[in-house]
Amino acid sequence: MALDPLTAAHLTLDRIAEMTDELLHAHAALLPESLRPADAVTAAPVADREARPALV
């Protein structure tokens, strides 16, 4: 994310790192276990049909 020009233009590296951590924690239940943050608390897995966006 730090390599994104718009993000880098508006945020400090520390804020980009914080934002990335927040994103990973918020979506931890949807990530493969190997990519989840070690300290993430995950809720019960969401049913597969609920985790995917509806096709329109």
# chains A, B, ... in the order shown; residues from 1 in each chain; ligands from 1

call {"tool": "residues_around", "arguments": {"residues": "A:Leu24", "least_positions_apart": "4", "cutoff": "7 Å", "atoms": "only C-alpha atoms", "output": "VMD selection string"}}
result
chain A and resid 20 28 36 to 37

call {"tool": "select_by_dssp", "arguments": {"residues": "stretch 6-47 of chain A", "states": "alpha helix (DSSP H)", "output": "number ranges by chain"}}
result
A: 6-10, 13-26

call {"tool": "closest_residue", "arguments": {"among": "A:Ala26, A:Leu11, A:Ala2, A:Met19", "to": "A:Asp39", "atoms": "only C-alpha atoms"}}
result
A:Ala26

call {"tool": "residues_around", "arguments": {"residues": "A:Ile16", "least_positions_apart": "2", "cutoff": "12 Å", "atoms": "only C-alpha atoms", "output": "number ranges by chain"}}
result
A: 1-14, 18-23

call {"tool": "decode", "arguments": {"residues": "stretch 9-24 of chain A", "atoms": "all heavy atoms", "output": "mmCIF file, in the first residue's frame"}}
result
data_model
loop_
_atom_site.group_PDB
_atom_site.id
_atom_site.type_symbol
_atom_site.label_atom_id
_atom_site.label_comp_id
_atom_site.auth_asym_id
_atom_site.auth_seq_id
_atom_site.Cartn_x
_atom_site.Cartn_y
_atom_site.Cartn_z
ATOM 1 N N ALA A 9 0.978 10.012 -1.143
ATOM 2 C CA ALA A 9 0.924 11.476 -1.212
ATOM 3 C C ALA A 9 0.145 12.074 -0.044
ATOM 4 O O ALA A 9 0.368 13.226 0.328
ATOM 5 C CB ALA A 9 0.300 11.913 -2.536
ATOM 6 N N HIS A 10 -0.766 11.293 0.530
ATOM 7 C CA HIS A 10 -1.641 11.841 1.565
ATOM 8 C C HIS A 10 -1.347 11.337 2.976
ATOM 9 O O HIS A 10 -1.780 11.961 3.947
ATOM 10 C CB HIS A 10 -3.110 11.540 1.233
ATOM 11 C CG HIS A 10 -3.599 12.306 0.056
ATOM 12 N ND1 HIS A 10 -4.042 13.602 0.145
ATOM 13 C CD2 HIS A 10 -3.689 11.969 -1.253
ATOM 14 C CE1 HIS A 10 -4.389 14.028 -1.048
ATOM 15 N NE2 HIS A 10 -4.191 13.053 -1.916
ATOM 16 N N LEU A 11 -0.663 10.215 3.101
ATOM 17 C CA LEU A 11 -0.452 9.613 4.420
ATOM 18 C C LEU A 11 1.019 9.380 4.686
ATOM 19 O O LEU A 11 1.807 9.160 3.762
ATOM 20 C CB LEU A 11 -1.197 8.274 4.513
ATOM 21 C CG LEU A 11 -2.707 8.305 4.278
ATOM 22 C CD1 LEU A 11 -3.249 6.886 4.230
ATOM 23 C CD2 LEU A 11 -3.402 9.104 5.350
ATOM 24 N N THR A 12 1.374 9.387 5.961
ATOM 25 C CA THR A 12 2.743 9.037 6.341
ATOM 26 C C THR A 12 2.891 7.518 6.292
ATOM 27 O O THR A 12 1.903 6.777 6.281
ATOM 28 C CB THR A 12 3.048 9.511 7.773
ATOM 29 O OG1 THR A 12 2.203 8.784 8.684
ATOM 30 C CG2 THR A 12 2.825 11.008 7.934
ATOM 31 N N LEU A 13 4.128 7.045 6.267
ATOM 32 C CA LEU A 13 4.366 5.599 6.270
ATOM 33 C C LEU A 13 3.790 4.944 7.522
ATOM 34 O O LEU A 13 3.253 3.839 7.452
ATOM 35 C CB LEU A 13 5.860 5.298 6.150
ATOM 36 C CG LEU A 13 6.464 5.539 4.768
ATOM 37 C CD1 LEU A 13 7.973 5.306 4.798
ATOM 38 C CD2 LEU A 13 5.816 4.673 3.713
ATOM 39 N N ASP A 14 3.872 5.629 8.652
ATOM 40 C CA ASP A 14 3.301 5.081 9.888
ATOM 41 C C ASP A 14 1.790 4.925 9.775
ATOM 42 O O ASP A 14 1.223 3.916 10.183
ATOM 43 C CB ASP A 14 3.637 5.970 11.088
ATOM 44 C CG ASP A 14 5.094 5.868 11.497
ATOM 45 O OD1 ASP A 14 5.751 4.860 11.147
ATOM 46 O OD2 ASP A 14 5.571 6.800 12.166
ATOM 47 N N ARG A 15 1.126 5.924 9.198
ATOM 48 C CA ARG A 15 -0.342 5.849 9.051
ATOM 49 C C ARG A 15 -0.738 4.773 8.044
ATOM 50 O O ARG A 15 -1.731 4.083 8.225
ATOM 51 C CB ARG A 15 -0.895 7.215 8.636
ATOM 52 C CG ARG A 15 -2.387 7.217 8.504
ATOM 53 C CD ARG A 15 -3.082 6.869 9.838
ATOM 54 N NE ARG A 15 -4.497 6.670 9.610
ATOM 55 C CZ ARG A 15 -5.181 5.550 9.904
ATOM 56 N NH1 ARG A 15 -4.572 4.544 10.480
ATOM 57 N NH2 ARG A 15 -6.448 5.450 9.645
ATOM 58 N N ILE A 16 0.060 4.610 6.978
ATOM 59 C CA ILE A 16 -0.210 3.554 6.001
ATOM 60 C C ILE A 16 -0.090 2.186 6.672
ATOM 61 O O ILE A 16 -0.935 1.304 6.460
ATOM 62 C CB ILE A 16 0.743 3.656 4.793
ATOM 63 C CG1 ILE A 16 0.450 4.939 3.999
ATOM 64 C CG2 ILE A 16 0.631 2.421 3.896
ATOM 65 C CD1 ILE A 16 1.477 5.253 2.928
ATOM 66 N N ALA A 17 0.914 2.007 7.506
ATOM 67 C CA ALA A 17 1.093 0.737 8.223
ATOM 68 C C ALA A 17 -0.086 0.494 9.171
ATOM 69 O O ALA A 17 -0.603 -0.629 9.246
ATOM 70 C CB ALA A 17 2.409 0.741 8.994
ATOM 71 N N GLU A 18 -0.527 1.529 9.884
ATOM 72 C CA GLU A 18 -1.682 1.403 10.787
ATOM 73 C C GLU A 18 -2.941 1.028 10.003
ATOM 74 O O GLU A 18 -3.704 0.160 10.411
ATOM 75 C CB GLU A 18 -1.937 2.722 11.522
ATOM 76 C CG GLU A 18 -0.913 3.062 12.571
ATOM 77 C CD GLU A 18 -1.136 4.468 13.129
ATOM 78 O OE1 GLU A 18 -2.243 5.030 12.953
ATOM 79 O OE2 GLU A 18 -0.194 5.006 13.721
ATOM 80 N N MET A 19 -3.148 1.704 8.884
ATOM 81 C CA MET A 19 -4.326 1.449 8.065
ATOM 82 C C MET A 19 -4.317 0.010 7.521
ATOM 83 O O MET A 19 -5.349 -0.661 7.510
ATOM 84 C CB MET A 19 -4.380 2.444 6.904
ATOM 85 C CG MET A 19 -5.614 2.329 6.053
ATOM 86 S SD MET A 19 -5.695 3.576 4.743
ATOM 87 C CE MET A 19 -4.325 3.082 3.708
ATOM 88 N N THR A 20 -3.144 -0.462 7.107
ATOM 89 C CA THR A 20 -3.030 -1.830 6.603
ATOM 90 C C THR A 20 -3.343 -2.829 7.707
ATOM 91 O O THR A 20 -4.067 -3.808 7.488
ATOM 92 C CB THR A 20 -1.615 -2.067 6.036
ATOM 93 O OG1 THR A 20 -1.369 -1.099 5.008
ATOM 94 C CG2 THR A 20 -1.477 -3.464 5.456
ATOM 95 N N ASP A 21 -2.825 -2.584 8.905
ATOM 96 C CA ASP A 21 -3.125 -3.465 10.044
ATOM 97 C C ASP A 21 -4.621 -3.472 10.350
ATOM 98 O O ASP A 21 -5.202 -4.530 10.601
ATOM 99 C CB ASP A 21 -2.350 -3.023 11.288
ATOM 100 C CG ASP A 21 -0.859 -3.330 11.185
ATOM 101 O OD1 ASP A 21 -0.475 -4.163 10.334
ATOM 102 O OD2 ASP A 21 -0.092 -2.725 11.959
ATOM 103 N N GLU A 22 -5.250 -2.300 10.322
ATOM 104 C CA GLU A 22 -6.694 -2.218 10.575
ATOM 105 C C GLU A 22 -7.472 -3.020 9.537
ATOM 106 O O GLU A 22 -8.419 -3.724 9.872
ATOM 107 C CB GLU A 22 -7.148 -0.756 10.543
ATOM 108 C CG GLU A 22 -6.654 0.067 11.706
ATOM 109 C CD GLU A 22 -6.904 1.559 11.525
ATOM 110 O OE1 GLU A 22 -7.591 1.949 10.546
ATOM 111 O OE2 GLU A 22 -6.405 2.336 12.347
ATOM 112 N N LEU A 23 -7.062 -2.900 8.284
ATOM 113 C CA LEU A 23 -7.725 -3.628 7.205
ATOM 114 C C LEU A 23 -7.587 -5.144 7.389
ATOM 115 O O LEU A 23 -8.560 -5.886 7.245
ATOM 116 C CB LEU A 23 -7.088 -3.236 5.869
ATOM 117 C CG LEU A 23 -7.977 -2.505 4.911
ATOM 118 C CD1 LEU A 23 -7.162 -1.542 4.076
ATOM 119 C CD2 LEU A 23 -8.682 -3.482 4.019
ATOM 120 N N LEU A 24 -6.378 -5.603 7.702
ATOM 121 C CA LEU A 24 -6.157 -7.034 7.893
ATOM 122 C C LEU A 24 -6.958 -7.564 9.075
ATOM 123 O O LEU A 24 -7.514 -8.659 9.010
ATOM 124 C CB LEU A 24 -4.666 -7.318 8.079
ATOM 125 C CG LEU A 24 -3.812 -7.120 6.825
ATOM 126 C CD1 LEU A 24 -2.337 -7.259 7.167
ATOM 127 C CD2 LEU A 24 -4.211 -8.086 5.730
#
